[in-house]
Every structure is written in structure tokens, then in C-alpha cells.
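Trainee: Hey, dropping data-v9.cif in here, mmCIF, C-alpha atoms:
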data_run
loop_
_atom_site.group_PDB
_atom_site.id
_atom_site.type_symbol
_atom_site.label_atom_id
_atom_site.label_comp_id
_atom_site.auth_asym_id
_atom_site.auth_seq_id
_atom_site.Cartn_x
_atom_site.Cartn_y
_atom_site.Cartn_z
ATOM 1 C CA MET A 156 98.572 86.578 34.075
ATOM 2 C CA GLY A 157 96.531 84.771 31.430
ATOM 3 C CA LYS A 158 94.276 86.625 28.982
ATOM 4 C CA ILE A 159 91.144 84.844 30.176
ATOM 5 C CA ILE A 160 91.760 85.880 33.778
ATOM 6 C CA GLU A 161 92.508 89.487 32.792
ATOM 7 C CA GLU A 162 89.253 89.691 30.853
ATOM 8 C CA LYS A 163 87.252 88.225 33.722
ATOM 9 C CA ILE A 164 88.650 90.393 36.544
ATOM 10 C CA SER A 165 86.544 93.482 35.788
ATOM 11 C CA GLU A 166 83.467 91.291 35.394
ATOM 12 C CA ILE A 167 84.102 89.609 38.758
ATOM 13 C CA VAL A 168 84.738 92.945 40.505
ATOM 14 C CA SER A 169 81.518 94.365 39.079
ATOM 15 C CA SER A 170 79.585 91.293 40.210
ATOM 16 C CA VAL A 171 80.920 91.464 43.778
ATOM 17 C CA LEU A 172 80.313 95.229 44.034
ATOM 18 C CA THR A 173 76.729 94.660 42.940
ATOM 19 C CA ASP A 174 76.401 91.976 45.603
ATOM 20 C CA TYR A 175 77.567 94.525 48.206
ATOM 21 C CA ASN A 176 74.422 96.562 47.493
ATOM 22 C CA ASN A 177 72.060 94.036 49.094
ATOM 23 C CA GLY A 178 72.030 95.882 52.425
ATOM 24 C CA ARG A 179 73.057 92.902 54.559
ATOM 25 C CA VAL A 180 75.344 93.052 57.595
ATOM 26 C CA ILE A 181 78.059 91.257 55.606
ATOM 27 C CA ASP A 182 77.854 93.978 52.938
ATOM 28 C CA ARG A 183 79.017 96.824 55.192
ATOM 29 C CA CYS A 184 82.180 98.489 53.884
ATOM 30 C CA ASP A 185 82.686 101.200 56.535
ATOM 31 C CA LEU A 186 85.900 99.758 57.974
ATOM 32 C CA PHE A 187 86.294 102.263 60.791
ATOM 33 C CA SER A 188 82.884 101.819 62.392
ATOM 34 C CA ARG A 189 83.848 98.595 64.180
ATOM 35 C CA PRO A 190 86.668 97.724 66.586
ATOM 36 C CA ASP A 191 89.912 96.671 64.913
ATOM 37 C CA THR A 192 90.821 93.045 65.614
ATOM 38 C CA ALA A 193 94.558 93.675 65.188
ATOM 39 C CA VAL A 194 94.450 96.591 67.639
ATOM 40 C CA VAL A 195 92.477 94.569 70.203
ATOM 41 C CA ASN A 196 94.969 91.692 69.922
ATOM 42 C CA ASP A 197 97.839 94.143 70.429
ATOM 43 C CA ILE A 198 96.083 95.508 73.516
ATOM 44 C CA ILE A 199 95.856 91.956 74.897
ATOM 45 C CA HIS A 200 99.570 91.389 74.378
ATOM 46 C CA LYS A 201 100.444 94.652 76.115
ATOM 47 C CA LEU A 202 98.074 93.918 78.998
ATOM 48 C CA LEU A 203 99.899 90.616 79.481
ATOM 49 C CA MET A 204 103.086 92.657 79.823
ATOM 50 C CA ILE A 205 101.457 94.528 82.709
ATOM 51 C CA ILE A 206 99.924 91.443 84.331
ATOM 52 C CA TYR A 207 103.161 89.430 84.165
ATOM 53 C CA PRO A 208 105.915 92.090 83.898
ATOM 54 C CA GLY A 209 108.835 89.678 84.002
ATOM 55 C CA TYR A 210 107.456 87.247 81.430
ATOM 56 C CA PHE A 211 106.069 89.259 78.529
ATOM 57 C CA PHE A 212 108.134 92.153 77.229
ATOM 58 C CA ASP A 213 108.946 94.258 74.175
ATOM 59 C CA LYS A 214 112.188 93.134 72.531
ATOM 60 C CA ALA A 215 112.776 96.677 71.280
ATOM 61 C CA TYR A 216 113.850 97.713 74.773
ATOM 62 C CA ARG A 217 117.478 96.906 75.638
ATOM 63 C CA VAL A 218 117.131 98.066 79.246
ATOM 64 C CA TYR A 219 114.041 97.136 81.217
ATOM 65 C CA ALA A 220 113.075 99.803 83.755
ATOM 66 C CA VAL A 221 109.734 98.735 85.188
ATOM 67 C CA ASP A 222 108.431 102.154 86.214
ATOM 68 C CA HIS A 223 109.334 103.813 82.913
ATOM 69 C CA LYS A 224 108.060 100.899 80.824
ATOM 70 C CA LEU A 225 104.820 100.657 82.804
ATOM 71 C CA SER A 226 104.088 104.341 82.259
ATOM 72 C CA LEU A 227 104.569 103.945 78.504
ATOM 73 C CA LEU A 228 102.434 100.793 78.429
ATOM 74 C CA VAL A 229 99.535 102.290 80.363
ATOM 75 C CA GLU A 230 99.542 105.396 78.163
ATOM 76 C CA ASP A 231 99.695 103.315 74.978
ATOM 77 C CA ILE A 232 96.961 100.876 76.017
ATOM 78 C CA MET A 233 94.761 103.610 77.461
ATOM 79 C CA TYR A 234 94.901 105.576 74.222
ATOM 80 C CA ASN A 235 94.146 102.628 71.949
ATOM 81 C CA LEU A 236 91.589 100.994 74.245
ATOM 82 C CA ASN A 237 89.757 104.294 74.584
ATOM 83 C CA LYS A 238 89.576 104.641 70.791
ATOM 84 C CA GLN A 239 88.221 101.098 70.399
ATOM 85 C CA ILE A 240 85.643 101.617 73.156
ATOM 86 C CA VAL A 241 84.413 104.806 71.454
ATOM 87 C CA ILE A 242 83.759 102.764 68.309
ATOM 88 C CA ALA A 243 82.197 99.841 70.206
ATOM 89 C CA LEU A 244 79.808 101.995 72.260
ATOM 90 C CA ARG A 245 77.904 102.877 69.091
ATOM 91 C CA PHE A 246 76.584 99.293 69.219
ATOM 92 C CA HIS A 247 75.187 99.815 72.745
ATOM 93 C CA HIS A 248 71.477 100.614 72.708
ATOM 94 C CA ASP A 249 72.004 103.500 75.151
ATOM 95 C CA TYR A 250 74.504 105.273 72.883
ATOM 96 C CA LYS A 251 73.248 104.513 69.387
ATOM 97 C CA ASP A 252 72.183 108.122 68.764
ATOM 98 C CA ALA A 253 74.316 109.848 71.388
ATOM 99 C CA GLU A 254 76.516 112.856 70.674
ATOM 100 C CA ASP A 255 80.180 112.131 70.015
ATOM 101 C CA SER A 256 81.193 114.092 73.101
ATOM 102 C CA VAL A 257 78.957 111.936 75.314
ATOM 103 C CA ILE A 258 80.402 108.702 73.924
ATOM 104 C CA GLU A 259 83.977 109.950 74.197
ATOM 105 C CA GLN A 260 83.490 110.891 77.841
ATOM 106 C CA GLU A 261 81.879 107.551 78.641
ATOM 107 C CA ALA A 262 84.710 105.714 76.870
ATOM 108 C CA GLU A 263 87.308 107.560 78.945
ATOM 109 C CA GLU A 264 85.506 106.722 82.179
ATOM 110 C CA ILE A 265 85.259 103.055 81.172
ATOM 111 C CA ALA A 266 88.950 102.869 80.251
ATOM 112 C CA VAL A 267 89.964 104.397 83.585
ATOM 113 C CA ALA A 268 87.596 102.108 85.524
ATOM 114 C CA PHE A 269 89.073 99.098 83.735
ATOM 115 C CA PHE A 270 92.657 100.045 84.587
ATOM 116 C CA GLU A 271 91.710 100.621 88.200
ATOM 117 C CA LYS A 272 90.659 96.953 88.340
ATOM 118 C CA LEU A 273 94.064 95.622 87.276
ATOM 119 C CA PRO A 274 95.433 95.052 90.823
ATOM 120 C CA GLU A 275 92.295 93.072 91.707
ATOM 121 C CA ILE A 276 92.545 91.044 88.490
ATOM 122 C CA ARG A 277 96.196 90.275 89.258
ATOM 123 C CA ALA A 278 95.248 89.156 92.775
ATOM 124 C CA TYR A 279 92.773 86.652 91.315
ATOM 125 C CA LEU A 280 95.321 85.443 88.763
ATOM 126 C CA ASP A 281 97.838 84.842 91.518
ATOM 127 C CA THR A 282 95.365 82.399 93.079
ATOM 128 C CA ASP A 283 94.847 80.740 89.684
ATOM 129 C CA LEU A 284 98.610 80.288 89.369
ATOM 130 C CA GLU A 285 98.713 78.792 92.855
ATOM 131 C CA ALA A 286 95.880 76.403 91.983
ATOM 132 C CA ALA A 287 97.655 75.282 88.822
ATOM 133 C CA TYR A 288 100.921 74.651 90.632
ATOM 134 C CA ASN A 289 99.326 72.806 93.552
ATOM 135 C CA GLY A 290 96.998 70.852 91.278
ATOM 136 C CA ASP A 291 99.482 69.608 88.694
ATOM 137 C CA PRO A 292 102.379 67.372 89.805
ATOM 138 C CA ALA A 293 103.825 67.741 86.296
ATOM 139 C CA ALA A 294 104.470 71.440 86.969
ATOM 140 C CA TYR A 295 107.970 71.878 88.373
ATOM 141 C CA TYR A 296 107.995 75.690 88.424
ATOM 142 C CA LYS A 297 105.357 78.393 88.562
ATOM 143 C CA ASP A 298 107.318 80.157 85.829
ATOM 144 C CA GLU A 299 106.621 77.138 83.617
ATOM 145 C CA ILE A 300 102.884 77.653 84.098
ATOM 146 C CA ILE A 301 102.984 81.364 83.234
ATOM 147 C CA LEU A 302 105.137 80.796 80.159
ATOM 148 C CA SER A 303 103.495 77.721 78.699
ATOM 149 C CA TYR A 304 100.132 76.668 80.165
ATOM 150 C CA PRO A 305 97.223 77.437 77.816
ATOM 151 C CA GLY A 306 94.781 77.242 80.722
ATOM 152 C CA LEU A 307 96.367 80.156 82.563
ATOM 153 C CA LEU A 308 96.565 82.223 79.359
ATOM 154 C CA ALA A 309 92.865 81.648 78.661
ATOM 155 C CA ILE A 310 91.909 82.481 82.252
ATOM 156 C CA THR A 311 94.064 85.626 82.209
ATOM 157 C CA ILE A 312 92.482 86.986 79.052
ATOM 158 C CA ASN A 313 89.032 86.010 80.283
ATOM 159 C CA ARG A 314 89.456 87.869 83.575
ATOM 160 C CA LEU A 315 90.497 90.992 81.656
ATOM 161 C CA ALA A 316 87.622 90.647 79.193
ATOM 162 C CA HIS A 317 85.143 89.967 82.004
ATOM 163 C CA GLU A 318 85.802 93.400 83.516
ATOM 164 C CA LEU A 319 85.051 95.097 80.193
ATOM 165 C CA TYR A 320 81.934 92.919 79.921
ATOM 166 C CA LEU A 321 80.784 94.129 83.348
ATOM 167 C CA LEU A 322 81.390 97.698 82.162
ATOM 168 C CA GLU A 323 78.978 96.920 79.287
ATOM 169 C CA VAL A 324 81.475 97.403 76.498
ATOM 170 C CA PRO A 325 80.070 95.803 73.328
ATOM 171 C CA LEU A 326 82.100 93.518 71.024
ATOM 172 C CA ILE A 327 85.575 93.968 72.531
ATOM 173 C CA PRO A 328 85.270 91.458 75.429
ATOM 174 C CA ARG A 329 84.153 88.727 73.026
ATOM 175 C CA MET A 330 86.924 89.613 70.578
ATOM 176 C CA MET A 331 89.411 89.162 73.421
ATOM 177 C CA THR A 332 88.138 85.765 74.529
ATOM 178 C CA GLU A 333 87.923 84.531 70.947
ATOM 179 C CA TYR A 334 91.578 85.487 70.547
ATOM 180 C CA ALA A 335 92.280 83.297 73.577
ATOM 181 C CA HIS A 336 90.103 80.573 72.042
ATOM 182 C CA SER A 337 92.135 80.646 68.825
ATOM 183 C CA ARG A 338 95.397 80.441 70.785
ATOM 184 C CA THR A 339 94.424 77.784 73.334
ATOM 185 C CA GLY A 340 91.342 75.869 72.150
ATOM 186 C CA ILE A 341 89.591 77.045 75.335
ATOM 187 C CA ASP A 342 86.327 78.924 74.787
ATOM 188 C CA ILE A 343 85.232 80.957 77.831
ATOM 189 C CA HIS A 344 82.543 83.567 77.320
ATOM 190 C CA PRO A 345 83.496 86.892 78.965
ATOM 191 C CA GLY A 346 80.172 86.914 80.791
ATOM 192 C CA ALA A 347 81.036 83.809 82.833
ATOM 193 C CA THR A 348 81.610 84.521 86.534
ATOM 194 C CA ILE A 349 84.667 82.673 87.868
ATOM 195 C CA GLY A 350 85.907 82.557 91.455
ATOM 196 C CA LYS A 351 89.453 82.378 92.809
ATOM 197 C CA TYR A 352 91.814 79.390 92.495
ATOM 198 C CA PHE A 353 90.455 78.281 89.122
ATOM 199 C CA PHE A 354 92.532 75.627 87.380
ATOM 200 C CA ILE A 355 92.143 74.406 83.809
ATOM 201 C CA ASP A 356 94.284 71.302 83.212
ATOM 202 C CA HIS A 357 95.279 70.685 79.573
ATOM 203 C CA GLY A 358 92.236 72.627 78.445
ATOM 204 C CA THR A 359 91.713 71.918 74.755
ATOM 205 C CA GLY A 360 88.028 71.755 73.863
ATOM 206 C CA ILE A 361 86.667 73.372 77.028
ATOM 207 C CA VAL A 362 83.517 75.478 76.527
ATOM 208 C CA ILE A 363 82.147 77.719 79.286
ATOM 209 C CA GLY A 364 78.956 79.605 78.464
ATOM 210 C CA GLU A 365 77.974 83.199 79.174
ATOM 211 C CA SER A 366 75.820 82.758 82.278
ATOM 212 C CA THR A 367 77.985 80.083 83.901
ATOM 213 C CA GLU A 368 78.831 80.700 87.560
ATOM 214 C CA ILE A 369 81.946 79.004 88.933
ATOM 215 C CA GLY A 370 82.912 79.087 92.600
ATOM 216 C CA GLU A 371 86.359 78.878 94.182
ATOM 217 C CA ASN A 372 88.855 76.014 93.974
ATOM 218 C CA VAL A 373 87.298 74.493 90.865
ATOM 219 C CA LYS A 374 89.350 72.245 88.594
ATOM 220 C CA ILE A 375 88.343 71.428 85.027
ATOM 221 C CA TYR A 376 89.960 69.049 82.537
ATOM 222 C CA GLN A 377 89.996 69.056 78.736
ATOM 223 C CA GLY A 378 86.840 68.644 76.695
ATOM 224 C CA VAL A 379 84.426 69.833 79.399
ATOM 225 C CA THR A 380 81.303 71.727 78.345
ATOM 226 C CA LEU A 381 79.411 74.007 80.707
ATOM 227 C CA GLY A 382 76.640 74.851 78.314
ATOM 228 C CA ALA A 383 72.986 75.543 77.637
ATOM 229 C CA LEU A 384 70.474 72.705 77.628
ATOM 230 C CA SER A 385 68.860 74.108 74.488
ATOM 231 C CA THR A 386 69.328 77.206 72.325
ATOM 232 C CA ARG A 387 66.265 76.682 70.146
ATOM 233 C CA GLY A 388 64.769 79.863 71.617
ATOM 234 C CA GLY A 389 67.497 81.873 69.910
ATOM 235 C CA GLN A 390 67.544 85.581 70.736
ATOM 236 C CA ARG A 391 64.592 85.179 73.113
ATOM 237 C CA LEU A 392 67.013 83.489 75.526
ATOM 238 C CA LYS A 393 69.276 86.521 75.684
ATOM 239 C CA SER A 394 70.032 87.526 79.297
ATOM 240 C CA VAL A 395 68.374 84.316 80.567
ATOM 241 C CA LYS A 396 70.356 82.097 82.961
ATOM 242 C CA ARG A 397 70.931 79.134 80.663
ATOM 243 C CA HIS A 398 74.300 77.774 81.824
ATOM 244 C CA PRO A 399 75.093 75.812 85.004
ATOM 245 C CA THR A 400 76.326 76.912 88.411
ATOM 246 C CA ILE A 401 79.410 75.158 89.781
ATOM 247 C CA ARG A 402 79.921 75.503 93.541
ATOM 248 C CA ASP A 403 83.253 75.566 95.415
ATOM 249 C CA ASN A 404 85.791 72.714 95.390
ATOM 250 C CA VAL A 405 84.334 70.882 92.399
ATOM 251 C CA THR A 406 86.415 68.743 90.031
ATOM 252 C CA ILE A 407 85.130 68.048 86.515
ATOM 253 C CA TYR A 408 86.987 65.402 84.517
ATOM 254 C CA SER A 409 87.568 65.271 80.782
ATOM 255 C CA GLY A 410 84.688 65.074 78.340
ATOM 256 C CA ALA A 411 81.936 65.838 80.847
ATOM 257 C CA SER A 412 78.962 67.938 79.736
ATOM 258 C CA ILE A 413 76.980 69.899 82.325
ATOM 259 C CA LEU A 414 74.032 71.720 80.807
ATOM 260 C CA GLY A 415 71.200 74.017 81.828
ATOM 261 C CA GLY A 416 70.670 77.216 83.753
ATOM 262 C CA GLU A 417 68.928 75.452 86.626
ATOM 263 C CA THR A 418 71.661 72.846 86.981
ATOM 264 C CA VAL A 419 73.754 73.304 90.129
ATOM 265 C CA ILE A 420 76.784 71.187 90.982
ATOM 266 C CA GLY A 421 77.111 71.123 94.765
ATOM 267 C CA LYS A 422 80.206 71.878 96.808
ATOM 268 C CA GLY A 423 82.950 69.272 96.696
ATOM 269 C CA ALA A 424 81.297 67.210 93.970
ATOM 270 C CA VAL A 425 83.358 65.185 91.497
ATOM 271 C CA ILE A 426 82.019 64.811 87.966
ATOM 272 C CA GLY A 427 83.576 61.875 86.143
ATOM 273 C CA SER A 428 84.733 61.666 82.548
ATOM 274 C CA ASN A 429 82.209 61.630 79.711
ATOM 275 C CA VAL A 430 79.119 62.047 81.880
ATOM 276 C CA PHE A 431 76.105 64.059 80.695
ATOM 277 C CA VAL A 432 74.517 66.063 83.514
ATOM 278 C CA THR A 433 71.294 68.050 83.111
ATOM 279 C CA LYS A 434 70.021 67.970 86.702
ATOM 280 C CA SER A 435 71.444 69.399 89.898
ATOM 281 C CA VAL A 436 73.936 67.379 91.932
ATOM 282 C CA GLY A 437 74.207 67.631 95.728
ATOM 283 C CA ASP A 438 77.236 68.529 97.819
ATOM 284 C CA GLY A 439 79.967 65.908 97.844
ATOM 285 C CA ALA A 440 78.398 63.771 95.110
ATOM 286 C CA ARG A 441 80.468 61.474 92.893
ATOM 287 C CA VAL A 442 78.996 61.239 89.405
ATOM 288 C CA SER A 443 80.261 58.637 86.939
ATOM 289 C CA VAL A 444 79.115 56.476 84.050
ATOM 290 C CA LYS A 445 77.844 53.085 85.275
ATOM 291 C CA ASN A 446 78.748 49.749 83.715
ATOM 292 C CA GLN A 447 80.778 51.073 80.856
ATOM 293 C CA GLU A 448 82.101 47.847 79.404
ATOM 294 C CA LEU A 449 85.464 47.561 77.670
ATOM 295 C CA GLN A 450 86.126 44.825 75.126
ATOM 296 C CA PHE A 451 89.520 43.657 73.886
ATOM 297 C CA LYS A 452 89.937 41.356 70.887
ATOM 298 C CA TYR A 453 93.247 39.673 70.097
ATOM 299 C CA GLY A 454 92.499 37.072 67.457
ATOM 300 C CA LYS A 455 90.137 35.112 69.719
ATOM 301 C CA LYS A 456 86.528 34.387 68.866
ATOM 302 C CA GLU A 457 85.339 35.436 72.302
ATOM 303 C CA PRO A 458 85.982 39.074 73.349
ATOM 304 C CA ILE A 459 88.129 39.634 76.405
ATOM 305 C CA THR A 460 86.060 41.844 78.698
ATOM 306 C CA HIS A 461 87.006 44.199 81.480
ATOM 307 C CA LEU A 462 85.732 41.576 83.943
ATOM 308 C CA ASP A 463 88.188 39.038 82.519
ATOM 309 C CA LEU A 464 91.049 41.401 83.231
ATOM 310 C CA GLU A 465 89.961 41.885 86.829
ATOM 311 C CA GLN A 466 89.760 38.127 87.391
ATOM 312 C CA ASP A 467 93.192 37.416 85.957
ATOM 313 C CA GLU A 468 95.756 39.844 87.339
ATOM 314 C CA ALA A 469 98.556 37.924 85.621
ATOM 315 C CA TRP A 470 97.084 38.528 82.151
ATOM 316 C CA TYR A 471 99.591 40.080 79.785
ATOM 317 C CA TYR A 472 99.614 41.003 76.142
ATOM 318 C CA THR A 473 102.189 42.301 73.728
ATOM 319 C CA ILE A 474 101.925 44.540 70.712
#
Could you render the structure as C-alpha cells?
Mentor:
Amino acid sequence: MGKIIEEKISEIVSSVLTDYNNGRVIDRCDLFSRPDTAVVNDIIHKLLMIIYPGYFFDKAYRVYAVDHKLSLLVEDIMYNLNKQIVIALRFHHDYKDAEDSVIEQEAEEIAVAFFEKLPEIRAYLDTDLEAAYNGDPAAYYKDEIILSYPGLLAITINRLAHELYLLEVPLIPRMMTEYAHSRTGIDIHPGATIGKYFFIDHGTGIVIGESTEIGENVKIYQGVTLGALSTRGGQRLKSVKRHPTIRDNVTIYSGASILGGETVIGKGAVIGSNVFVTKSVGDGARVSVKNQELQFKYGKKEPITHLDLEQDEAWYYTI
């Protein structure tokens, strides 16, 4: 290491340590007072092993005995999840000044309540798998969907996180869905309420906000935003219904944006690509962009329009 760098290191360290004394949130150095991201991610992986026992497994085990492995998994996850919930509950306004014994008991009850929901979560995920298989002719096997579809992974993690959200666990549900976001490009807030048979096709760039309500048999393509009409109110909008409601049997094509807490998309509606919806849509509606004109130029002075192509079915071009 060069002499200049060696001389500057102590000066830099002193400068940063001084900066830590400003009392800001980013200055906090108490590492063990917040949930551990690595532990939460490990919990997600192990929960996937429970949700899909034949698809996610620990390579350390040479023989796979489901009952024995499940017992070990539940004990491992329960222990670590309980510890993380104890830490997270300190951020809840009801437990900020509570005794340790009170928080520890509440954490245990939450962890048990969460695990008791696993069969119900798996039942919902089975319908999501069915929707993906029936809705995608490119899927040849359901196994293919479980092993490789980012949409199902994002939905799986969201359904797990949603239960912890309903149990009012701070921080951890959002950490879980942001892990899914980083893996899949699909951003679903754990507060979103999602019905059965939910299918995300392709998925990259999808955003689903906290107060979104989605019915059953809904299909969403890449780049869709179910968002707030405005967030200029900041923290004053907390707990306000600011994201849309999507009724049953709705299809939303790529790039569509549906915004606003009062916006309701009626049953059986189809929302076309790249539309911008801020008002409610009735049952069975077909929403699309009108008169979107395409132009093609191939060395001619006059552009070849979409209308030209319709009038001349024998028109060809080469590249």
C-alpha cells in the first residue's frame, strides 16, 4: 500500500466516525437492533423447501426423508423467525417500550400463527400454479413453472410475506418482498390483497402497491403498474386506500398503468398495452389506446403508414 494512502487512512476513519455522531438514522451502529437481511433471506429459502418439498432442498442431505426433514426445517425456521420478529417488534408502536418478556411471548405467538397458515398459503399457490399452466401455452410442464417462472416465485414469497404483514410484523414482510423484487424484477408490496388463480406472465417491471386489491383469475403481463395516483401527501397518506381494485377475471396487458385508490377495474375487463387508467372501468370493458399510428420508413420520402399495410396485404420487405 502506498505511503500517501497509509497516511490518509487514519484521517479518513476519524472523519467518518465524526460523521456518525450526527444522530441521523443512517448513523446508527447498533447492528443487532434490526432484522438481519441474510437471516431473512435464508428463512425465505427454507420456507420454499416447505412450500415445494420436491423442488427446493438442502444438498447436504444424501437421503431425503420428508417427515424428518420437515421437522428439522420447521424447528430451524421457527427459531430464527422468532428471533427476527422479537427484534422487529421493537419498531411497532405498541411494543416500543414493552418488557422483553412481553415481546418474546408475542413473537412466539406470531411465529406459531404464521406456520399454522402454511397449508392455506399452499392451497392458494396451487391455484396460482394452475393459472400459470392453463394461461401459458409455452409451459409444457407444471414442474417447469415451479422451477423457473419468476412470476410464481414472486407470488410465493408475497403470499408468505402477506401473512406476516397481516400479523403486523414490522420490516420483515417488506424485506421478503424486496428479496423477491431483486430476484425477479417484480415488486409486490406485502400489503396487497391477492385472490386465487393469480398469474404473472413474464413479470419484469411489474409494480403492485400496498393497498391494491386483486380478485380471482387475474392475469398480468410485464411492465404493469398498479399504483397510487399521487404520493405528494407523503406520510399523511399512510393507511389510505391509494391503489386500485382489480375485480375477478381481469387481464392487464404489458405496460399498462392503473392508478388511484378509487379506481376499480370491473369483472372480466381487458386492459390493453400501454394504457393509462385513472378512472373506474365497468364490467366486461375493453380498454385500449385509440389511433396509435405506426410509421415505417425504407428510403422513401413518404412514410409507409399502418393504413398502407392494411390496404396492401401483399406488401413485403426485407432486412
Trainee: List as an NGL selection string the protein and nucleic acid residues near Tyr352 in chain A, meaning an atom at most 7 Å away when all atoms listed in the file are counted, but skip any in the same chain fewer than 2 places from it.
Mentor: :A and (282-283 or 285-286 or 350 or 354 or 371-373)
Trainee: So that I can check the surroundings of Asp191 in chain A, please list as a PyMOL selection string every protein, DNA and RNA residue that reaches within 9 Å of it, counting all atoms listed in the file and ignoring chain neighbours fewer than 5 positions away.
Mentor: chain A and resi 186+196+239
Trainee: Using all atoms listed in the file, tabulate the residues of range 248-339 of chain A lying at most 10 Å from any atom of range 203-206 of chain A, each with its closest atom pair and that distance in Å to one decimal, by chain and increasing residue number, as a Markdown table.
Mentor:
| residue | atom | partner | partner_atom | distance |
| --- | --- | --- | --- | --- |
| A:Leu273 | CA | A:Ile206 | CA | 7.8 |
| A:Pro274 | CA | A:Ile206 | CA | 8.7 |
| A:Ile276 | CA | A:Ile206 | CA | 8.5 |
| A:Arg277 | CA | A:Ile206 | CA | 6.3 |
| A:Ala278 | CA | A:Ile206 | CA | 9.9 |
| A:Leu280 | CA | A:Ile206 | CA | 8.8 |
| A:Asp281 | CA | A:Ile206 | CA | 10.0 |
| A:Leu308 | CA | A:Leu203 | CA | 9.0 |
| A:Thr311 | CA | A:Leu203 | CA | 8.1 |
| A:Ile312 | CA | A:Leu203 | CA | 8.3 |
| A:Leu315 | CA | A:Leu203 | CA | 9.7 |
Trainee: Write the residues of the preceding selection, restricted to C-alpha atoms, as a PDB file, in the coordinates of the input.
Mentor:
ATOM      1  CA  LEU A 273      94.064  95.622  87.276  1.00  0.00           C
ATOM      2  CA  PRO A 274      95.433  95.052  90.823  1.00  0.00           C
ATOM      3  CA  ILE A 276      92.545  91.044  88.490  1.00  0.00           C
ATOM      4  CA  ARG A 277      96.196  90.275  89.258  1.00  0.00           C
ATOM      5  CA  ALA A 278      95.248  89.156  92.775  1.00  0.00           C
ATOM      6  CA  LEU A 280      95.321  85.443  88.763  1.00  0.00           C
ATOM      7  CA  ASP A 281      97.838  84.842  91.518  1.00  0.00           C
ATOM      8  CA  LEU A 308      96.565  82.223  79.359  1.00  0.00           C
ATOM      9  CA  THR A 311      94.064  85.626  82.209  1.00  0.00           C
ATOM     10  CA  ILE A 312      92.482  86.986  79.052  1.00  0.00           C
ATOM     11  CA  LEU A 315      90.497  90.992  81.656  1.00  0.00           C
TER      12      LEU A 315
END
Trainee: Could you list, as a ChimeraX atom specification, every residue matched by the PyMOL selection byres ((chain A and resi 322) around 12) in this structure?
Mentor: /A:240,244,247,261-270,272,315-321,323-328,345-346
Trainee: Given the file shown, enumerate the residues that the PyMOL selection byres ((chain A and resi 425-427) around 9) captures and present them as a VMD selection string.
Mentor: chain A and resid 404 to 411 420 423 to 424 428 to 430 432 439 to 444
Trainee: What is the CA of His223 in chain A-CA of Lys238 in chain A distance in Å, reported with one decimal?
Mentor: 23.2 Å
Trainee: Kindly resolve the PyMOL selection byres ((chain A and resi 232) around 10) on the present coordinates and return the residues as a PyMOL selection string.
Mentor: chain A and resi 194-195+197-202+227-231+233-238+266+270
Trainee: Measuring atom to atom with only C-alpha atoms, identify which of A:Ile301, A:Lys422, A:Ala287, A:Lys393 is nearest to Tyr207 in chain A.
Mentor: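 Of all the options, A:Ile301 lies closest to Tyr207 in chain A.
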